[in-house]
Each structure stands twice: as C-alpha cells, then as structure tokens.
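The block underneath contains the structure these notes are about, expressed in structure tokens.
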Amino acid sequence: MKHIIILGDGMADLPVERLGGKTLLQYAHKPMMDLLAREGRTGRLVTVPEGFPPGSEVANTAILGYDLNKVYEGRGPLEAASIGYEMADDDLAIRCNIITLEDGKIITHNGGNLETQDADVLIRYLNEKLAKPINEREGCERVKFITGIQYRHLLVIKGGSKHIVCAPPHDHPNEEWRPLLVQPDQPSDSKACQDIQSETNRLTPQQTADLINEMILKSQELLAAHPFNQERAKRGERQANSIWPWSGGYRPSMQTLQQQFPQIKKGSVISAVDLIRGIGHYAGLRIIEVEGATGLADTNYEGKAQAAIKALRDEDFVFVHVEASDEAGHDGDLELKLKTIEYLDQRLITPIYKEVETWDEPVCIAVLPDHLTPVEMRIHVGQPVPFLFWYRGIEPDEVQQYDEVSCVSGGYGLLKLQEFMQELMKIE
C-alpha cells in the first residue's frame, strides 16, 4: 500500500453567518472530497498539543507522527533547512516576516503580498545595513538575513537565546505593534538563565530580545527610505515597511520517517512553503519543486497533482501541502477561501484520485487541514480538524460528506497528534 497525504493548510473554519451558519467546507462545492468521505472513513484530529501555539510548524510536525515535546524548535530551524542553510550548534534561527505597519498597527503579515524577487532586494539591503560582526577580531557576523520565499525569510543570530517571547504577526492583525515587541521569557538573573549562559556562552534572553527589537526599529527606518516602498507609496499601495522575527529555535534532532515507520522506504514532500519543506528535510523526504507553486490561490494545482502522481509511481509516501486557504483566511477573504477549497478539490485531489484508482497497487489517500484559519478571525485556531482516509476496499463509515460537522460522526472518532500517522501506517 502506498500512502499520500493531501493537506489544505488552514482549510477548516468556524460557522459563518454570511453562509447561513455553515462552515466553508460545508458550503463549498467539493464533490471529490465528499465522495472520498462517503466511500472512506473519517474522523477528527487534534493537531496541536497542549501548551503549543496553533501554528503550521506544530500541526504539520504532529501530523507526520512526531512528538513535539521531543523535536519542537520553532519555525526558524525548519525554514533554514529548506533554504539550505546549515545551522551551527550556536545558531538561533528565526522566521522573519516582512510586514506592513500603518498608524502604529500591524495591517498585514505579508508585506502586501510580496513577490520573492522584490523581497530578495529588501532582504539583501537589510543584511547589508544591519548584519554586524560579533567583534572585529573574530570577524563572523552576529546577525544574518537570508532570503526565503515571498514575505517569509530567515534571521540567524549567532549565540542568540531561544528563550524569548515573540508574537506571530498573522495572529495580531490590526493590533498595535509596540506592545508585541520581543520579550525574554525568563529574567536574566534567574538560575535557569544563568545555567544556560554558563554552559553555552550564549546571549541572555534579555540581550537577544533587545537585539531583535533594535533591528525591528532600524528596519522600519531603512525600509521606509527604500525606493521600492517609496514607489509603492506613490501608487497608494501597502508598503513592506518592517521586519517581524518570530518562532526561533536551535537545530532540531528528528528521526526520519523511514526510521519511525519501516513501511516507508522512499518519500517526497511537495510544497511552496519553506517551513513544510524544512519539516520534510528533517523527516528524510525528497523535496519536489513544482514550477508555478506560489503558496497563494494562483498556485499550480495541476502541476502539484502531476508531481504527486509521478512520485507515487516510485515511492511509498507523498506529502502534498497547499498553502492557499491559510493565506485567504489570514486576509479575511471569504470568497477567495471558498475558491481555494474548490480548487484543491477539483484541480488537485480529483486528478490524483482518477489516476491512482486505476493502478494495480493500492493507494491510500488522506485529506485534512493542519488547523483552522477562520476568515472572520484571521488567525490560527487549534481546534480538532476533520480528516478522511480512502482506499479501494476500505469499510466506509456513515459519513456522507467531508466537513468539520459531519466528521464528528466518523468511524475513527477523535484521534490525537501522532495517532493520525500511526493509523495511516496501519493501512497496508
């Protein structure tokens, strides 16, 4: 049995009054997901452990069968792996958004939907202006900015402390940004902090927070003066006018999926998002690049579907991640999020199903989101998500369509965290 997970990031939602009290999955036209639910078995999954933020880095890692208490180090190290930056033991890698601020508030977490080529110019500019040596004798840089994709980039602090509190910008739309600046999560004079500093020679949490906040403020001055933003201002467009670092950590220690599940000999990950490709890297999956994969609603659904089909011919496991619904949810765009669900159904899941249904070797298709990104809240919500398993010969449950409400009655009931992957791997 081969296995493919198709994940619509942030696809799940809450009931929306404008849709007659239905969720978007209940309202959307998604005949293929409903068919797979009708012919397969469904359930709900808790993807966020207690005490962890309801982010994609947490939920996707849990979905793939990892214990977050053992492997979690934040988004930064995962995105570093995807970009190809090999972390040193004393590196702190932090996800670094370029965002839009107006009137003292966070307007958007994505800098006005930056294109990668434009963001690269800004990141290189910031690195030139803000990167600084630890000292003249050593010559190595204390901080370094590295270009990622669109608005998602990387900040590396040599000797930085991960014991800081950062606010994910997508969780604070239209909120004042100054109260959200980085803070230490423990006093510098605490015993735990002193033990860390004596053992590792790292900056204290307070020093790390001060350094990041200083760079945030300086980035606002630098970006406001950059020709890219000055031209945007003339056109009345949103400016990409501040960095916002968050979710930092050290190099993680993760077993590969092959080590955890002997059923998987070879596997691949398909995603436009650095974070997901970084998880795939540490999970031992081959990273497949798809031309035209953007992480937005205009992504190349058909290209991802064909890449997944091709990978499944030679491999045991494929993880296909589509970011579009999450971005639409963060933007509060109801119509666009509905379209992303329908695109996923018709342009990606349908061709995969029609192809593998004809194969002699059986394939198990799993469909789920990683978390909720409700359009009326514009943030991640860590409630259980609906999932389905389908393969030829599976004994179906009574569920007739795929959505948050119907799957409550699913045959799998409520699974938690690593149980999803464990159940999937039982299907042989």
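In the structure tokens, chains take the letters A, B, ... in the order shown, each chain's residues start at 1, and ligands count up from 1 in the order shown.
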Expected answer as a PyMOL selection string: strand (DSSP E) residues in segment 139-186 of chain A = chain A and resi 143-149+152-158+164-165+183-184
Give me a file of those residues, with N, CA, C and O atoms, as a tab-separated table (two decimals), in the first residue's frame.
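Printed below is again19.tsv as written:
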```tsv
chain	number	residue	atom	x	y	z
A	143	VAL	N	24.54	38.75	13.30
A	143	VAL	CA	23.22	38.53	12.68
A	143	VAL	C	23.37	38.43	11.18
A	143	VAL	O	24.28	39.02	10.57
A	144	LYS	N	22.45	37.68	10.58
A	144	LYS	CA	22.47	37.48	9.13
A	144	LYS	C	21.02	37.31	8.65
A	144	LYS	O	20.24	36.57	9.25
A	145	PHE	N	20.67	38.02	7.58
A	145	PHE	CA	19.36	37.88	6.94
A	145	PHE	C	19.52	37.03	5.68
A	145	PHE	O	20.42	37.26	4.88
A	146	ILE	N	18.61	36.06	5.51
A	146	ILE	CA	18.67	35.16	4.37
A	146	ILE	C	17.31	35.13	3.68
A	146	ILE	O	16.27	34.96	4.33
A	147	THR	N	17.30	35.30	2.37
A	147	THR	CA	16.05	35.34	1.61
A	147	THR	C	15.37	33.98	1.58
A	147	THR	O	16.00	32.95	1.36
A	148	GLY	N	14.06	34.01	1.80
A	148	GLY	CA	13.24	32.82	1.67
A	148	GLY	C	12.32	32.94	0.47
A	148	GLY	O	12.77	33.12	-0.66
A	149	ILE	N	11.01	32.86	0.72
A	149	ILE	CA	10.01	32.95	-0.34
A	149	ILE	C	8.99	34.02	0.04
A	149	ILE	O	8.52	34.06	1.18
A	152	ARG	N	8.31	35.46	3.57
A	152	ARG	CA	8.82	34.57	4.62
A	152	ARG	C	10.34	34.43	4.49
A	152	ARG	O	10.82	33.80	3.55
A	153	HIS	N	11.07	34.96	5.46
A	153	HIS	CA	12.53	34.94	5.37
A	153	HIS	C	13.14	34.46	6.67
A	153	HIS	O	12.44	34.01	7.58
A	154	LEU	N	14.46	34.51	6.75
A	154	LEU	CA	15.17	33.92	7.88
A	154	LEU	C	16.14	34.93	8.48
A	154	LEU	O	16.84	35.64	7.76
A	155	LEU	N	16.16	34.98	9.81
A	155	LEU	CA	17.14	35.75	10.55
A	155	LEU	C	17.93	34.77	11.41
A	155	LEU	O	17.34	33.98	12.15
A	156	VAL	N	19.25	34.81	11.29
A	156	VAL	CA	20.12	33.95	12.09
A	156	VAL	C	20.92	34.82	13.04
A	156	VAL	O	21.57	35.79	12.62
A	157	ILE	N	20.87	34.50	14.34
A	157	ILE	CA	21.63	35.22	15.35
A	157	ILE	C	22.64	34.26	15.97
A	157	ILE	O	22.26	33.27	16.61
A	158	LYS	N	23.89	34.53	15.75
A	158	LYS	CA	24.96	33.70	16.32
A	158	LYS	C	24.99	33.89	17.83
A	158	LYS	O	25.16	34.99	18.33
A	164	ILE	N	12.81	33.43	24.37
A	164	ILE	CA	12.20	34.74	24.17
A	164	ILE	C	10.75	34.53	23.76
A	164	ILE	O	10.36	33.47	23.29
A	165	VAL	N	9.95	35.57	23.96
A	165	VAL	CA	8.53	35.53	23.61
A	165	VAL	C	8.31	36.44	22.41
A	165	VAL	O	8.54	37.65	22.49
A	183	GLN	N	10.11	39.88	24.01
A	183	GLN	CA	10.43	39.93	25.43
A	183	GLN	C	11.15	38.65	25.83
A	183	GLN	O	10.95	37.60	25.23
A	184	PRO	N	11.98	38.71	26.88
A	184	PRO	CA	12.58	37.47	27.40
A	184	PRO	C	11.52	36.66	28.11
A	184	PRO	O	10.59	37.22	28.70
```
Please report, as a count of residues only, each residue of segment 131-371 of chain A to which DSSP assigns helix (DSSP H, G or I) when run on this structure's backbone.
-> 102
Spatial neighbours of segment 351-368 of chain A, 8 Å, only C-alpha atoms, chain gap at least 6 places, as a PyMOL selection string = chain A and resi 1-8+33+305-306+308-309+385-392+427
Which residues come within 9 Å of Glu323 of chain A, counting only C-alpha atoms, excluding same-chain residues fewer than 5 positions away, as a PyMOL selection string?
-> chain A and resi 7-11+271-273+294-297+299
Produce a file of the selected residues containing all heavy atoms, as a CSV table (one decimal), in the first residue's frame.
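Written file, selection-v2.csv:
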```
chain,number,residue,atom,x,y,z
A,7,LEU,N,-2.9,18.0,2.2
A,7,LEU,CA,-3.2,18.9,3.3
A,7,LEU,C,-3.5,20.3,2.8
A,7,LEU,O,-2.6,20.9,2.1
A,7,LEU,CB,-2.0,18.9,4.3
A,7,LEU,CG,-2.3,19.6,5.6
A,7,LEU,CD1,-1.7,18.9,6.8
A,7,LEU,CD2,-1.8,21.0,5.5
A,8,GLY,N,-4.7,20.7,3.0
A,8,GLY,CA,-5.1,22.1,2.7
A,8,GLY,C,-4.9,23.0,4.0
A,8,GLY,O,-5.7,22.9,4.9
A,9,ASP,N,-3.8,23.7,4.0
A,9,ASP,CA,-3.4,24.5,5.1
A,9,ASP,C,-4.5,25.5,5.6
A,9,ASP,O,-4.9,26.3,4.7
A,9,ASP,CB,-2.1,25.2,4.8
A,9,ASP,CG,-1.4,25.7,6.1
A,9,ASP,OD1,-2.0,26.4,6.9
A,9,ASP,OD2,-0.2,25.3,6.2
A,10,GLY,N,-4.9,25.4,6.8
A,10,GLY,CA,-5.9,26.3,7.3
A,10,GLY,C,-7.3,26.2,6.7
A,10,GLY,O,-8.1,27.1,6.8
A,11,MET,N,-7.5,25.1,6.0
A,11,MET,CA,-8.8,24.9,5.3
A,11,MET,C,-10.0,24.9,6.2
A,11,MET,O,-11.1,25.3,5.8
A,11,MET,CB,-8.7,23.6,4.4
A,11,MET,CG,-9.9,23.3,3.6
A,11,MET,SD,-9.5,22.0,2.4
A,11,MET,CE,-9.1,20.6,3.5
A,271,SER,N,5.6,21.2,-1.7
A,271,SER,CA,5.0,22.4,-1.0
A,271,SER,C,5.8,23.7,-1.6
A,271,SER,O,6.9,23.6,-1.9
A,271,SER,CB,5.2,22.4,0.5
A,271,SER,OG,4.8,23.6,1.1
A,272,ALA,N,5.1,24.8,-1.6
A,272,ALA,CA,5.7,26.1,-1.9
A,272,ALA,C,6.2,26.8,-0.7
A,272,ALA,O,6.8,27.9,-0.8
A,272,ALA,CB,4.7,27.0,-2.6
A,273,VAL,N,6.1,26.2,0.5
A,273,VAL,CA,6.4,26.9,1.7
A,273,VAL,C,7.7,26.3,2.4
A,273,VAL,O,7.8,25.1,2.6
A,273,VAL,CB,5.2,26.7,2.7
A,273,VAL,CG1,5.5,27.4,4.1
A,273,VAL,CG2,3.9,27.4,2.1
A,294,THR,N,3.1,28.8,-5.7
A,294,THR,CA,3.3,30.1,-5.2
A,294,THR,C,3.0,30.2,-3.7
A,294,THR,O,3.4,31.2,-3.0
A,294,THR,CB,2.4,31.1,-5.9
A,294,THR,OG1,1.0,30.8,-5.7
A,294,THR,CG2,2.7,31.1,-7.4
A,295,GLY,N,2.2,29.3,-3.1
A,295,GLY,CA,1.7,29.4,-1.8
A,295,GLY,C,0.5,30.3,-1.7
A,295,GLY,O,-0.1,30.5,-0.6
A,296,LEU,N,-0.1,30.7,-2.8
A,296,LEU,CA,-1.3,31.5,-2.9
A,296,LEU,C,-2.4,30.8,-3.7
A,296,LEU,O,-2.2,29.7,-4.2
A,296,LEU,CB,-1.0,32.9,-3.4
A,296,LEU,CG,0.1,33.7,-2.7
A,296,LEU,CD1,0.5,35.0,-3.4
A,296,LEU,CD2,-0.4,34.1,-1.3
A,297,ALA,N,-3.5,31.5,-3.9
A,297,ALA,CA,-4.6,30.9,-4.6
A,297,ALA,C,-4.3,30.7,-6.1
A,297,ALA,O,-4.9,29.8,-6.8
A,297,ALA,CB,-5.8,31.8,-4.5
A,299,THR,N,-1.6,29.2,-7.2
A,299,THR,CA,-0.6,28.2,-7.3
A,299,THR,C,-0.9,27.2,-8.4
A,299,THR,O,-2.1,27.1,-8.8
A,299,THR,CB,-0.5,27.5,-5.9
A,299,THR,OG1,0.8,26.8,-5.9
A,299,THR,CG2,-1.6,26.5,-5.6
```
With the cut-off set at 12 Å and counting only C-alpha atoms, tabulate each residue of segment 51-137 of chain A with an atom at most that distance from an atom of segment 277-290 of chain A, showing the nearest atom pair and its distance in Å to one decimal, ordered by chain and increasing number, as CSV.
```
residue,atom,partner,partner_atom,distance
A:Ser56,CA,A:Ile279,CA,10.5
A:Glu57,CA,A:Ile279,CA,8.0
A:Val58,CA,A:Ile279,CA,10.1
A:Ala59,CA,A:Ile279,CA,11.1
A:Asn60,CA,A:Ile279,CA,8.1
A:Thr61,CA,A:Ile279,CA,6.9
A:Ala62,CA,A:Ile279,CA,10.6
A:Ile63,CA,A:Ile279,CA,11.1
A:Leu64,CA,A:Ala283,CA,8.5
A:Gly65,CA,A:Ala283,CA,10.0
A:Tyr66,CA,A:Ala283,CA,9.4
A:Val71,CA,A:Tyr282,CA,10.4
A:Tyr72,CA,A:Ile279,CA,10.6
A:Glu73,CA,A:Ile279,CA,11.1
A:Gly74,CA,A:Ile279,CA,10.7
A:Arg75,CA,A:Gly278,CA,8.8
A:Gly76,CA,A:Gly278,CA,9.3
A:Pro77,CA,A:Gly278,CA,7.7
A:Leu78,CA,A:Gly278,CA,4.2
A:Glu79,CA,A:Gly278,CA,5.2
A:Ala80,CA,A:Gly278,CA,7.0
A:Ala81,CA,A:Gly278,CA,4.9
A:Ser82,CA,A:Gly278,CA,4.3
A:Ile83,CA,A:Gly278,CA,7.9
A:Gly84,CA,A:Gly278,CA,9.0
A:Tyr85,CA,A:Gly278,CA,10.5
A:Glu86,CA,A:Gly278,CA,11.5
```
Counting only C-alpha atoms, what are the residues of segment 176-264 of chain A within 12 Å of segment 87-99 of chain A, and for each of them which pair of atoms is the nearest and at what distance in Å, to one decimal? Sort the table by chain and rising number, as CSV.
```
residue,atom,partner,partner_atom,distance
A:Trp177,CA,A:Ile99,CA,10.9
A:Gln197,CA,A:Asp90,CA,11.7
A:Glu199,CA,A:Asp90,CA,11.5
A:Thr200,CA,A:Asp90,CA,7.8
A:Asn201,CA,A:Asp90,CA,8.9
A:Arg202,CA,A:Asp90,CA,7.5
A:Leu203,CA,A:Asp90,CA,10.3
A:Pro205,CA,A:Leu92,CA,11.6
A:Thr208,CA,A:Leu92,CA,9.8
A:Ile212,CA,A:Ile94,CA,10.1
A:Met215,CA,A:Cys96,CA,11.3
A:Ile216,CA,A:Ile98,CA,10.2
A:Ser219,CA,A:Ile98,CA,9.7
A:Gln220,CA,A:Ile99,CA,10.1
A:Leu223,CA,A:Ile98,CA,9.8
A:Asn229,CA,A:Ile99,CA,12.0
A:Arg238,CA,A:Ile99,CA,9.5
A:Gln239,CA,A:Ile99,CA,8.1
A:Ala240,CA,A:Ile99,CA,5.5
A:Asn241,CA,A:Ile99,CA,6.3
A:Ser242,CA,A:Ile99,CA,5.5
A:Ile243,CA,A:Ile98,CA,4.5
A:Trp244,CA,A:Asn97,CA,5.0
A:Pro245,CA,A:Cys96,CA,4.1
A:Trp246,CA,A:Arg95,CA,5.4
A:Ser247,CA,A:Ile94,CA,5.7
A:Gly248,CA,A:Ile94,CA,3.9
A:Gly249,CA,A:Leu92,CA,5.5
A:Tyr250,CA,A:Leu92,CA,5.3
A:Arg251,CA,A:Met87,CA,6.2
A:Pro252,CA,A:Met87,CA,9.7
A:Ser253,CA,A:Asp89,CA,11.5
```
